[in-house]
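Chemist: The structure follows.
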Amino acid sequence: MEQTNFQLKKQDVQSNEWSARLHHATRATREDWLGRGISYLCIGVIILVVASMLWFITSKGLATFTQNHVNVWQFLTGTNWSPDTGHIGAAPMIVGSFAVTFAAAIVATPFAVGTAIFMTEISPNKGRKLLQPVIELLVGIPSVVYGFIGLAVVVPFMRHLVGGSGFGIISATFVLFVMVLPTITSMTVDSLRAVPRHYKEASLALGATRWQTVSRVILRSATPGILTAIIFGMARAFGEALAVQMVIGNAAVMPKNLISAASTLTSQLTSGIGDTIDGTLPNNALWSLALILLLMSLFFNALVRVIAKRGQLKHER
Amino acid sequence: GKATSSTSSKSSSSSEALSGKVTAVGSTALQPLAAKAGANFQSKNSKVNLTVQGGGSGTGLSQVQAGAVSIGNSDIFAEEKDGIKADKLTDHKVAVVGMAPVVNKDTGVKNLKMAQLKQIFTGKITNWKEVGGKDQKIVIVNRAQGSGTRATFENAVLKGATAIKSQEQDSNGAVQKIVSSTPGAVSYLAFSYFTNKLQAVSIDNVTPTDNNVENNKWKIWSYEHMYTKGTPDKVTAAFLKYMDSKTVQDSLVKDMGYISIHDMKVTKDAKGTVTQN
Amino acid sequence: MNAKRKDFVATVMINLIVAAVVGILVFLLTYILVAGLPHVSWTFLTGTTDAFSGAGGIGVQLFNSFYLLVLTMLISIPISLGAGIYLAEYAKDNWRTSLIRSAIEVLSSLPSVVVGLFGFLLFVVKFKIGFSVISGAIALTFFNLPLLTRNIEESLSAVSSSQREAGLSLGLSKWKTEIGIILPVALPGIVTGVVLSAGRVFGEAAALIYTAGQSAPVTNFGDWNPMNADSPLNPFRPAETLAVHIWKINTEGLATNAAALSAAASAVLIIAVLLFNLSARLLGNYLYRRVTASK
Amino acid sequence: MLKQYSFEKTAVQTFDDSVSLALKTDNLQVFYGANHAMHDANLEFPKNQITALIGASGSGKSTYLRSLNRMNDGIATVTGKIWYHGVDINEPDVNIYEIRRHIGMVFQRPNPFAKSIRENIVYALKANGIKGKDELASRVEKSLKGAALWDEVKDNLEKSALSLSGGQQQRLCIARSIAMEPDVLLLDEPCSALDSISTVKVEETLLELQKKYSIIIVTHNMQQASRVSSQCAFFHLGHVMEYTPTATMFSNPQIPVTQDYIAGSFG
Amino acid sequence: MLKQYSFEKTAVQTFDDSVSLALKTDNLQVFYGANHAMHDANLEFPKNQITALIGASGSGKSTYLRSLNRMNDGIATVTGKIWYHGVDINEPDVNIYEIRRHIGMVFQRPNPFAKSIRENIVYALKANGIKGKDELASRVEKSLKGAALWDEVKDNLEKSALSLSGGQQQRLCIARSIAMEPDVLLLDEPCSALDSISTVKVEETLLELQKKYSIIIVTHNMQQASRVSSQCAFFHLGHVMEYTPTATMFSNPQIPVTQDYIAGSFG
Ligand SMILES: Nc1ncnc2c1ncn2[C@@H]1O[C@H](COP(=O)(O)OP(=O)(O)OP(=O)(O)O)[C@@H](O)[C@H]1O
Ligand SMILES: Nc1ncnc2c1ncn2[C@@H]1O[C@H](COP(=O)(O)OP(=O)(O)OP(=O)(O)O)[C@@H](O)[C@H]1O
Ligand SMILES: [Mg+2]
Ligand SMILES: [Mg+2]
């Protein structure tokens, strides 16, 4: 048989009424415009917030270089930080922030992921009923309290364990570890729970052990989610000041080792900002620290995102 | 809050009710005193809306200079801060605070020579046994750069020398806790933060007491300032007057461990020159 | 047997990890509760603070913490909901979207003091709102937006696409489908986000020092008209929260029993967080059951 | 190896003017990115009849079906014309929500909303502005009866739809669709997750429904196609190879590929 | 309304000693919390034969099947005995991983891993300590041939398994299972998502596989049951009502409930 050409049929003639009906905007169309409008507006608000923060920090942070004519390279590599006397080398804080954030994320991740596996795969009941509420509770403890507990418990402990004054990167790492644990754990739990059930069953039915299933199937397909969790954990670690400041020793010197006093961008910023005058070098220098922090966190973000893209597994929901 | 304040004269025959808004921002050390005095002031003048906040001396000075707040609280003379045009601001000294070195109890040190203190903070002396204490490493806890307490201490003790880089904390509370819990620690605190968990140190056998401050035998002290920009408006002026009144100076100030401005037998200016009254 | 031994070892390891985590958690909680609870009394809970020494009760601060939380959530949940829907539903998978995502995440890494100062300069000084609950709530919203948005987005996109198709095939608009069908199913996940960010609100101090302020003017708990100056609901009054109060006691507090006060306030804070989390979950579950008609 | 069949040789019927059409596609093509999943489909669907789409997995049945009510918007690029009441509904300016109201769809896996049985039906009605308790209640009853589910659930309308069995869920999805009173009902393998009893029920429902609706159904099950449909289209690798009355297709397929498929001997 | 049938009247065959059994359950009961989903199931599965489990949706077929290789561990409480090579594998101290290696399972929805075709098969082998490139390659080939998939994919082993058609995915899942060289293969409605061609292929595969394996298959499709199985068990509301040779069940069901089900007239 051959294909027949399209012929106008009876029904095609009376198209006007239907054409109107099918082209008219209806409630659903309007809802969609509204919804689109609302959600674009909301994301717009967020973008505006981010942009104005970025502008705020950038403009203040760049003043050091544009108004006080500090050399950017010296700022990044200099090790002498005493803005009152005009020396602003931020390297000690950059190294401190870097070390503390990374160390905390590295230590916290296995604990968080382990706990999350426990909560989703080993004992979902206990996980949901007991662990989750308690972990969420930890987010609400103010930083100062963490700082003082750190001072009362962690610092003396480290002093006895490894000697020195007890203040240093290692103590800060430990305190931050506890502080970022809840964020990473809760978000990891969410992404583990989102792994389709049939993935797990397929693996178990093949005689794979629970650990094989978890490590090769579940964790792999939850990787993007876990990485997001780690980003948020690192973000918290980056931004934390009060607690870190009390246990790290907050000295603007190049850390010699894990147990010598050091400081972070955030702790210097927080402890100094109230005592400086707007528009002066010491104040601008602190904002430059904030700018560095921002750039570093952007960098880590991009890094983690690249890793996530690499390791990503496509799976249907 | 609004930096401006307005006076509406709802006059009765005898007195005129004050009304308006006062915002005082700045020094955390002065904050409790200002807050308490403010609360008392407000309870007498119910139409007045008075807010006292912290934020640090730098913030106080910056904001009062910018005209954003009515009063800038500071631990430090405006002249001492770069970037502040002191001549545009009016200083109101509301209290005096004495500070003293404090050490961890088991250093075994109760008295130091001024020179020794300087050597400790400049890193020349690093062990307590060099000044008659235990054989223990000295752990210096400094205050944040730019803070009023540190400026006062450095003016009185270091006299231009640079302190060695060390741990820096930004509050009396943190210093108090760290010094009392860290072996070998030394720092300095306002008198009111002394506790029995740490050792206040005499200098050249002068003990850190209010009396010694009042006659300048004890050298480490400073004023608490309330700065206004130009002439204060009516409510602000009334509040500043109240701060200087006997009610505040004789009870509140002393309760808080500060020294009344009225009791001082000497005056210090921004350059540190002391003159007898 | 090798695999089985590995499994055993891994299970033991995970149990050890969990034991360590639980140990830390339990230690922290008991540390705070044991130190604090003995000092908690009814008068402490309801009394007012002495502005001077920081001694006295924490009634106003406790109220402020909750009020600030509610205001913050009222501002941040709708925005992050809209933004989450945007990311889950409308955003295309391109560089612009990932730029937006990164930007949002970077926002959450800013030190609180920076956000605080930003809020101070913008809301308190520039917009002349003053040290107030509302300024604080906006500043905290900045912290909340990233986490909440991400969380809502992930919860929404975890809902099976067949539910979306079901809605669309009935001629429902995307928006209606998202709000009426996907959102209810995603509710439990969203509650997690709300609980986490609520914790942040409860515990935050540095950002609030510059925005909501550090004074807790005595308010008149008989007056619930938000327009009145001394009403507790007035969003334009300064409001020291419990966390800020704890921070203040610990940093510049002069009370002789400062340690006890701070411990007690911390214990109360923990219990407040616990109560909030529990009720958020209960409410979440209740709503979930209501809207999904599940048992 | 797959046998190669010529795509030139097709057998696609058209109808004369006496037959009124519910839907008709003109050179419909679908691309998933670069993947050309559907080639020039020219099909006419008569009113009040059941048309079955059959073909091997991946032959493009779902792709074609989903294009008919624009469910592929944003997923695939669809070119060509889809005539519905004389309007080409594949135009961008057509109100897609209106189209989907008139052309309902039921999916392979039952996908009731996570709501009560009643809410499942009422939700879309309300969203379309239908109000009034009585009106809604009567629509619920009518549609559930139409989907042969009423007797089983009438005492439990507030129960969660997810607690129903697979077959009941699928019938609920049909009820939900017909509650909107569409013209055309598209069903994508509605019975593949169902047991035979439920399948029989759904088939009975469809036979009943064709009195009011025009139905297009994708099915893997040739018995099912022959039981319920009047017309049958056979898809092969993205091409419509044959479109004939069902009886003809199963007893006397016109071209080799269909013959082989019906005989179960290709691939 | 559902007709009430007595659960007392059942017709369950047993085998005499001449038949060697692959698996056998003794009073197997399954509880989901308080929900008693499976009552006293006593079934014997002869070696190298295909046994079909049929019954309406929700009658407990999947529940029963999943208990056989302990996939219900942690989900449901299973009591009773499951005899396998003279061992009760429902004991807590039995190594469940070993059991699942010997008793493989294929699910209703094809669920390949989001890995390459080769990786899908190699995954479990490696997990069980099978190493060596050649050994693995030969196992891949053997199992894909066993599942009648080899010819279609042999040039594309590195392609993502998710890019296969539904029928191919299901055969890949079967291949993945038989790569482990199990004794017993459990299949839960393996063809419900497949088109008829793929279904035929899978059925052929099963008929071939029964030479080496004992197979238990859940199906909704009675034609399928009659085509492939030697024995057939009919489940109803959590009870095994009848277990007879397939021919008997379809031509001459023993008890009323089965008669009605086969006639398509209950429910
Ligand atoms: N969302 C999608 N993105 C890209 N390609 C797709 C998508 N959906 C389907 N395809 C491709 O389009 C082709 C036709 O698929 P379709 O789902 O229409 O087949 P089908 O006839 O419905 O098969 P089945 O019987 O398995 O449902 C296949 O090659 C498939 O891989
Ligand atoms: N994970 C579970 N938790 C609780 N109840 C369950 C679970 N899985 C099944 N059930 C219940 O057990 C009973 C038997 O279900 P099962 O899935 O075994 O039926 P089935 O015969 O396989 O049905 P179908 O043909 O629809 O697959 C049903 O009442 C069902 O609701
Ligand atoms: Mg399909
Ligand atoms: Mg089943």
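In the structure tokens, chains take letters A, B, ... by order of appearance, with residues numbered from 1 within each chain and ligands from 1 in the order shown.
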Could you list, as an NGL selection string, all residues that come within 9 Å of ligand 4? Count only C-alpha atoms and all ligand atoms.

Modeler: :E and (57-63 or 65 or 108 or 188-189 or 218-219)

Chemist: Can you pull out every residue from region 166-226 of chain A that DSSP, working from the backbone, puts in alpha helix (DSSP H), and format the result as a PyMOL selection string?

Modeler: chain A and resi 169-193+197-205+210-212+219-226

Chemist: So which residues touch region 18-21 of chain E within 10 Å, counting only C-alpha atoms, skipping near sequence neighbours fewer than 5 positions away, as an MDAnalysis selection string?

Modeler: chainID E and resid 44:49 83:86 214

Chemist: Using C-alpha atoms, can you write the selected residues to a file as an mmCIF file, in the first residue's frame?

Modeler:
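Writing the result to selection24.cif gives the following:
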data_model
loop_
_atom_site.group_PDB
_atom_site.id
_atom_site.type_symbol
_atom_site.label_atom_id
_atom_site.label_comp_id
_atom_site.auth_asym_id
_atom_site.auth_seq_id
_atom_site.Cartn_x
_atom_site.Cartn_y
_atom_site.Cartn_z
ATOM 1 C CA GLU E 44 8.755 -28.889 47.207
ATOM 2 C CA PHE E 45 10.671 -27.805 44.148
ATOM 3 C CA PRO E 46 12.086 -30.589 41.991
ATOM 4 C CA LYS E 47 15.518 -30.250 40.466
ATOM 5 C CA ASN E 48 15.979 -29.064 36.872
ATOM 6 C CA GLN E 49 12.386 -28.124 36.434
ATOM 7 C CA TRP E 83 15.595 -27.035 53.094
ATOM 8 C CA TYR E 84 18.430 -26.757 50.637
ATOM 9 C CA HIS E 85 20.841 -29.645 50.222
ATOM 10 C CA GLY E 86 19.621 -30.948 53.526
ATOM 11 C CA SER E 214 16.185 -25.369 38.993
#

Chemist: Counting only C-alpha atoms and all ligand atoms, name the residues that have an atom within 10 Å of an atom of ligand 2; the answer should be given as a ChimeraX atom specification.

Modeler: /D:163-167,193-196 /E:30-38,53-67,72,74-76,108,188-189,218-220,235-238

Chemist: Could you write those residues out with N, CA and C atoms, as a short mmCIF file (atom, residue, chain, number, x, y, z; two decimals), in the first residue's frame?

Modeler:
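What landed in part-v9.cif:
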data_model
loop_
_atom_site.label_atom_id
_atom_site.label_comp_id
_atom_site.auth_asym_id
_atom_site.auth_seq_id
_atom_site.Cartn_x
_atom_site.Cartn_y
_atom_site.Cartn_z
N SER D 163 -2.05 2.55 49.14
CA SER D 163 -2.32 1.28 49.81
C SER D 163 -3.14 0.36 48.93
N LEU D 164 -3.53 0.82 47.76
CA LEU D 164 -4.28 -0.06 46.86
C LEU D 164 -3.34 -1.05 46.18
N SER D 165 -3.93 -2.13 45.66
CA SER D 165 -3.10 -3.07 44.91
C SER D 165 -2.77 -2.46 43.56
N GLY D 166 -1.78 -3.05 42.88
CA GLY D 166 -1.34 -2.51 41.60
C GLY D 166 -2.49 -2.32 40.62
N GLY D 167 -3.35 -3.32 40.53
CA GLY D 167 -4.45 -3.25 39.58
C GLY D 167 -5.41 -2.13 39.95
N ALA D 193 1.87 -4.19 34.60
CA ALA D 193 2.22 -4.49 35.99
C ALA D 193 1.08 -5.22 36.70
N LEU D 194 0.10 -5.63 35.94
CA LEU D 194 -1.10 -6.16 36.60
C LEU D 194 -1.23 -7.68 36.45
N ASP D 195 -1.91 -8.28 37.42
CA ASP D 195 -2.19 -9.71 37.29
C ASP D 195 -3.35 -9.89 36.33
N SER D 196 -3.61 -11.14 35.99
CA SER D 196 -4.56 -11.36 34.90
C SER D 196 -5.97 -10.91 35.26
N VAL E 30 5.46 -15.74 56.78
CA VAL E 30 6.12 -14.44 56.70
C VAL E 30 5.23 -13.36 57.29
N PHE E 31 5.84 -12.56 58.12
CA PHE E 31 5.12 -11.44 58.75
C PHE E 31 5.82 -10.13 58.42
N TYR E 32 5.04 -9.18 57.92
CA TYR E 32 5.56 -7.81 57.84
C TYR E 32 5.05 -7.11 59.07
N GLY E 33 5.84 -7.03 60.09
CA GLY E 33 5.33 -6.48 61.35
C GLY E 33 4.14 -7.33 61.78
N ALA E 34 2.98 -6.71 61.90
CA ALA E 34 1.81 -7.46 62.35
C ALA E 34 1.08 -8.13 61.19
N ASN E 35 1.45 -7.73 59.97
CA ASN E 35 0.76 -8.24 58.80
C ASN E 35 1.25 -9.65 58.45
N HIS E 36 0.37 -10.61 58.61
CA HIS E 36 0.72 -12.01 58.33
C HIS E 36 0.56 -12.24 56.83
N ALA E 37 1.65 -12.06 56.08
CA ALA E 37 1.54 -12.02 54.63
C ALA E 37 1.62 -13.41 54.01
N MET E 38 2.20 -14.38 54.73
CA MET E 38 2.34 -15.72 54.17
C MET E 38 2.06 -16.73 55.27
N LEU E 53 4.83 -19.77 40.06
CA LEU E 53 3.95 -19.35 41.15
C LEU E 53 2.97 -18.36 40.54
N ILE E 54 1.68 -18.65 40.68
CA ILE E 54 0.70 -17.71 40.14
C ILE E 54 -0.26 -17.27 41.24
N GLY E 55 -1.07 -16.31 40.94
CA GLY E 55 -2.01 -15.81 41.93
C GLY E 55 -2.23 -14.33 41.71
N ALA E 56 -3.28 -13.81 42.32
CA ALA E 56 -3.62 -12.40 42.12
C ALA E 56 -2.59 -11.50 42.76
N SER E 57 -2.68 -10.26 42.45
CA SER E 57 -1.77 -9.27 43.03
C SER E 57 -1.95 -9.24 44.55
N GLY E 58 -0.86 -9.21 45.27
CA GLY E 58 -0.96 -9.14 46.73
C GLY E 58 -1.18 -10.48 47.39
N SER E 59 -1.12 -11.57 46.61
CA SER E 59 -1.39 -12.87 47.21
C SER E 59 -0.17 -13.44 47.92
N GLY E 60 0.98 -12.79 47.78
CA GLY E 60 2.14 -13.24 48.54
C GLY E 60 3.20 -13.96 47.73
N LYS E 61 3.09 -13.93 46.43
CA LYS E 61 4.06 -14.64 45.59
C LYS E 61 5.47 -14.07 45.78
N SER E 62 5.57 -12.76 45.66
CA SER E 62 6.89 -12.15 45.80
C SER E 62 7.41 -12.37 47.21
N THR E 63 6.53 -12.23 48.16
CA THR E 63 6.91 -12.41 49.55
C THR E 63 7.53 -13.79 49.76
N TYR E 64 6.88 -14.79 49.22
CA TYR E 64 7.37 -16.15 49.36
C TYR E 64 8.71 -16.32 48.65
N LEU E 65 8.74 -15.85 47.42
CA LEU E 65 9.94 -16.02 46.60
C LEU E 65 11.16 -15.35 47.26
N ARG E 66 10.95 -14.15 47.75
CA ARG E 66 12.06 -13.41 48.34
C ARG E 66 12.56 -14.05 49.63
N SER E 67 11.69 -14.82 50.26
CA SER E 67 12.14 -15.50 51.48
C SER E 67 13.12 -16.61 51.15
N ASN E 72 14.38 -11.28 52.30
CA ASN E 72 13.47 -10.60 53.23
C ASN E 72 14.12 -10.30 54.58
N GLY E 74 15.62 -8.63 57.46
CA GLY E 74 15.61 -7.21 57.83
C GLY E 74 14.36 -6.49 57.37
N ILE E 75 13.58 -7.13 56.50
CA ILE E 75 12.34 -6.49 56.06
C ILE E 75 11.15 -7.17 56.71
N ALA E 76 11.20 -8.51 56.70
CA ALA E 76 10.08 -9.26 57.25
C ALA E 76 10.60 -10.34 58.20
N GLN E 108 11.39 -8.13 38.93
CA GLN E 108 10.36 -7.74 37.97
C GLN E 108 10.83 -6.62 37.03
N ASP E 188 11.13 -13.10 39.58
CA ASP E 188 9.89 -12.48 40.00
C ASP E 188 9.31 -11.69 38.83
N GLU E 189 8.36 -12.28 38.15
CA GLU E 189 7.72 -11.63 36.98
C GLU E 189 8.75 -11.04 36.03
N VAL E 218 7.76 -16.41 39.28
CA VAL E 218 6.46 -15.82 39.58
C VAL E 218 5.97 -15.19 38.29
N THR E 219 4.73 -15.40 37.94
CA THR E 219 4.22 -14.76 36.74
C THR E 219 2.74 -14.42 36.88
N HIS E 220 2.36 -13.35 36.20
CA HIS E 220 0.96 -12.98 36.14
C HIS E 220 0.28 -13.61 34.95
N PHE E 235 -1.31 -19.17 44.56
CA PHE E 235 -1.35 -18.45 45.85
C PHE E 235 -2.62 -17.64 45.94
N HIS E 236 -3.17 -17.59 47.14
CA HIS E 236 -4.35 -16.78 47.34
C HIS E 236 -4.34 -16.19 48.75
N LEU E 237 -4.32 -14.89 48.83
CA LEU E 237 -4.34 -14.19 50.12
C LEU E 237 -3.34 -14.76 51.13
N GLY E 238 -2.15 -15.03 50.68
CA GLY E 238 -1.12 -15.49 51.60
C GLY E 238 -1.14 -16.99 51.87
#

Chemist: Compute the set of chain C residues within 7 Å of chain A, using only C-alpha atoms, and express it as a PyMOL selection string.

Modeler: chain C and resi 3-4+7+10+14+17-18+79-80+82-83+85-86+102-104+106-113+158+160+172-175+196+199-200+202-204+243+247+270+273-274

Chemist: Using only C-alpha atoms, which chain E residues lie at most 9 Å away from chain A, written as an mmCIF file with C-alpha atoms, in the first residue's frame?

Modeler:
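The new file selection-v7.cif reads:
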data_model
loop_
_atom_site.group_PDB
_atom_site.id
_atom_site.type_symbol
_atom_site.label_atom_id
_atom_site.label_comp_id
_atom_site.auth_asym_id
_atom_site.auth_seq_id
_atom_site.Cartn_x
_atom_site.Cartn_y
_atom_site.Cartn_z
ATOM 1 C CA ASN E 69 17.113 -16.626 49.298
ATOM 2 C CA ARG E 70 16.724 -14.582 52.436
ATOM 3 C CA MET E 71 16.105 -11.303 50.618
ATOM 4 C CA ILE E 96 23.324 -15.559 53.644
ATOM 5 C CA TYR E 97 25.833 -14.423 51.069
ATOM 6 C CA GLU E 98 26.637 -17.998 50.196
ATOM 7 C CA ILE E 99 22.948 -18.758 49.965
ATOM 8 C CA ARG E 100 22.366 -15.929 47.557
ATOM 9 C CA ARG E 101 25.280 -17.061 45.436
ATOM 10 C CA HIS E 102 23.655 -20.453 45.122
ATOM 11 C CA ILE E 103 20.116 -19.210 44.849
ATOM 12 C CA GLY E 104 20.098 -16.350 42.365
ATOM 13 C CA MET E 105 17.312 -13.882 41.826
ATOM 14 C CA VAL E 106 15.967 -11.770 38.964
ATOM 15 C CA PHE E 107 13.486 -9.014 39.636
ATOM 16 C CA ARG E 109 11.848 -4.476 36.811
ATOM 17 C CA ASN E 111 17.691 -3.507 37.459
ATOM 18 C CA PRO E 112 21.111 -3.503 35.875
ATOM 19 C CA PHE E 113 23.752 -1.434 37.611
ATOM 20 C CA ALA E 114 24.654 1.879 36.055
ATOM 21 C CA LYS E 115 27.840 0.286 34.808
ATOM 22 C CA TYR E 123 30.838 -7.099 39.575
ATOM 23 C CA ALA E 124 29.498 -10.040 41.505
ATOM 24 C CA LEU E 125 32.187 -12.367 40.275
ATOM 25 C CA ALA E 127 33.024 -9.586 44.769
ATOM 26 C CA ASN E 128 33.197 -13.319 45.181
ATOM 27 C CA LEU E 162 21.190 1.331 30.901
ATOM 28 C CA CYS E 173 20.058 -9.479 34.729
ATOM 29 C CA ARG E 176 24.373 -11.606 35.733
ATOM 30 C CA SER E 177 22.647 -14.158 37.917
ATOM 31 C CA MET E 180 27.461 -16.893 39.542
#

Chemist: Between CA of Tyr223 (chain B) and CA of Val274 (chain B), what is the distance, to one decimal in Å?

Modeler: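 We find that CA of Tyr223 (chain B) and CA of Val274 (chain B) lie 12.5 Å from each other.
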
Chemist: Could you tell me which residues of chain C sit within 10 Å of chain D when counting only C-alpha atoms, and give me the result as a short mmCIF file (atom, residue, chain, number, x, y, z; two decimals) with N, CA, C and O atoms, in the first residue's frame?

Modeler:
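Ended up saving to iface-v8.cif:
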data_model
loop_
_atom_site.label_atom_id
_atom_site.label_comp_id
_atom_site.auth_asym_id
_atom_site.auth_seq_id
_atom_site.Cartn_x
_atom_site.Cartn_y
_atom_site.Cartn_z
N SER C 160 9.89 10.66 42.73
CA SER C 160 9.86 9.95 41.45
C SER C 160 9.25 10.81 40.35
O SER C 160 8.25 11.49 40.54
N SER C 161 9.87 10.73 39.18
CA SER C 161 9.39 11.56 38.08
C SER C 161 8.02 11.09 37.60
O SER C 161 7.32 11.83 36.92
N SER C 162 7.63 9.89 37.98
CA SER C 162 6.32 9.42 37.54
C SER C 162 5.22 10.24 38.19
O SER C 162 4.14 10.40 37.64
N GLN C 163 5.50 10.78 39.37
CA GLN C 163 4.51 11.63 40.02
C GLN C 163 4.35 12.93 39.24
O GLN C 163 3.26 13.46 39.09
N ARG C 164 5.48 13.43 38.74
CA ARG C 164 5.44 14.65 37.94
C ARG C 164 4.63 14.41 36.68
O ARG C 164 3.78 15.21 36.31
N GLU C 165 4.93 13.28 36.02
CA GLU C 165 4.22 12.99 34.78
C GLU C 165 2.73 12.86 35.03
O GLU C 165 1.92 13.29 34.22
N ALA C 166 2.40 12.25 36.16
CA ALA C 166 0.99 12.07 36.48
C ALA C 166 0.30 13.42 36.53
O ALA C 166 -0.77 13.61 35.98
N GLY C 167 0.95 14.37 37.21
CA GLY C 167 0.34 15.70 37.33
C GLY C 167 0.23 16.38 35.98
O GLY C 167 -0.83 16.87 35.61
N LEU C 168 1.33 16.37 35.24
CA LEU C 168 1.33 17.07 33.95
C LEU C 168 0.31 16.47 33.00
O LEU C 168 -0.37 17.18 32.27
N SER C 169 0.19 15.14 33.04
CA SER C 169 -0.71 14.51 32.07
C SER C 169 -2.16 14.84 32.36
O SER C 169 -3.03 14.60 31.54
N LEU C 170 -2.44 15.37 33.55
CA LEU C 170 -3.81 15.76 33.84
C LEU C 170 -4.07 17.21 33.47
O LEU C 170 -5.12 17.76 33.77
N GLY C 171 -3.09 17.84 32.87
CA GLY C 171 -3.28 19.23 32.50
C GLY C 171 -2.98 20.18 33.63
O GLY C 171 -3.35 21.34 33.58
N LEU C 172 -2.34 19.69 34.70
CA LEU C 172 -1.95 20.60 35.78
C LEU C 172 -0.72 21.38 35.34
O LEU C 172 0.13 20.86 34.62
N SER C 173 -0.62 22.60 35.83
CA SER C 173 0.56 23.38 35.50
C SER C 173 1.75 22.82 36.26
O SER C 173 1.59 22.13 37.26
N LYS C 174 2.93 23.12 35.76
CA LYS C 174 4.15 22.67 36.43
C LYS C 174 4.15 23.11 37.89
O LYS C 174 4.52 22.39 38.80
N LYS C 176 1.64 23.95 39.85
CA LYS C 176 0.65 23.26 40.67
C LYS C 176 1.14 21.84 40.99
O LYS C 176 0.97 21.34 42.09
N THR C 177 1.72 21.20 40.00
CA THR C 177 2.24 19.85 40.21
C THR C 177 3.31 19.88 41.29
O THR C 177 3.31 19.06 42.21
N GLY C 180 1.56 21.07 44.75
CA GLY C 180 0.50 20.25 45.32
C GLY C 180 0.83 18.77 45.39
O GLY C 180 0.24 18.05 46.18
N ILE C 181 1.73 18.31 44.54
CA ILE C 181 1.94 16.87 44.47
C ILE C 181 3.35 16.49 44.90
O ILE C 181 3.53 15.59 45.72
N ILE C 182 4.33 17.19 44.36
CA ILE C 182 5.71 16.81 44.67
C ILE C 182 6.08 17.27 46.08
O ILE C 182 6.66 16.53 46.87
N PRO C 184 4.39 17.81 48.90
CA PRO C 184 3.97 16.99 50.05
C PRO C 184 4.81 15.74 50.21
O PRO C 184 5.17 15.36 51.32
N VAL C 185 5.15 15.11 49.08
CA VAL C 185 5.94 13.89 49.18
C VAL C 185 7.35 14.20 49.68
O VAL C 185 7.97 13.42 50.38
N TYR C 288 2.63 15.61 56.65
CA TYR C 288 2.88 14.62 55.63
C TYR C 288 1.72 13.63 55.57
O TYR C 288 1.21 13.31 54.51
N ARG C 289 1.31 13.20 56.74
CA ARG C 289 0.21 12.24 56.77
C ARG C 289 -1.08 12.88 56.27
O ARG C 289 -1.84 12.27 55.54
N ARG C 290 -1.30 14.12 56.68
CA ARG C 290 -2.50 14.80 56.22
C ARG C 290 -2.52 14.89 54.69
O ARG C 290 -3.50 14.51 54.07
N VAL C 291 -1.44 15.39 54.14
CA VAL C 291 -1.49 15.65 52.70
C VAL C 291 -1.34 14.39 51.87
O VAL C 291 -1.75 14.37 50.73
N THR C 292 -0.75 13.33 52.44
CA THR C 292 -0.60 12.14 51.63
C THR C 292 -1.57 11.05 52.03
O THR C 292 -1.56 9.98 51.46
N ALA C 293 -2.39 11.33 53.01
CA ALA C 293 -3.41 10.38 53.46
C ALA C 293 -2.81 9.05 53.88
O ALA C 293 -3.48 8.03 53.84
N SER C 294 -1.51 9.06 54.23
CA SER C 294 -0.94 7.78 54.67
C SER C 294 -1.17 7.65 56.16
O SER C 294 -1.42 8.62 56.85
N LYS C 295 -1.07 6.41 56.63
CA LYS C 295 -1.40 6.19 58.04
C LYS C 295 -0.38 6.79 58.98
O LYS C 295 0.78 6.82 58.72
#

Chemist: Name all residues at most 6 Å from region 166-170 of chain A (count only C-alpha atoms; drop same-chain ones fewer than 3 positions away) and give them as a count of residues only.

Modeler: 12

Chemist: Find, counting only C-alpha atoms, the residue in D:Ile255, D:Val87, D:Ile82, D:Leu149 that gets nearest to chain E.

Modeler: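 For chain E, the nearest of the given residues is D:Leu149.
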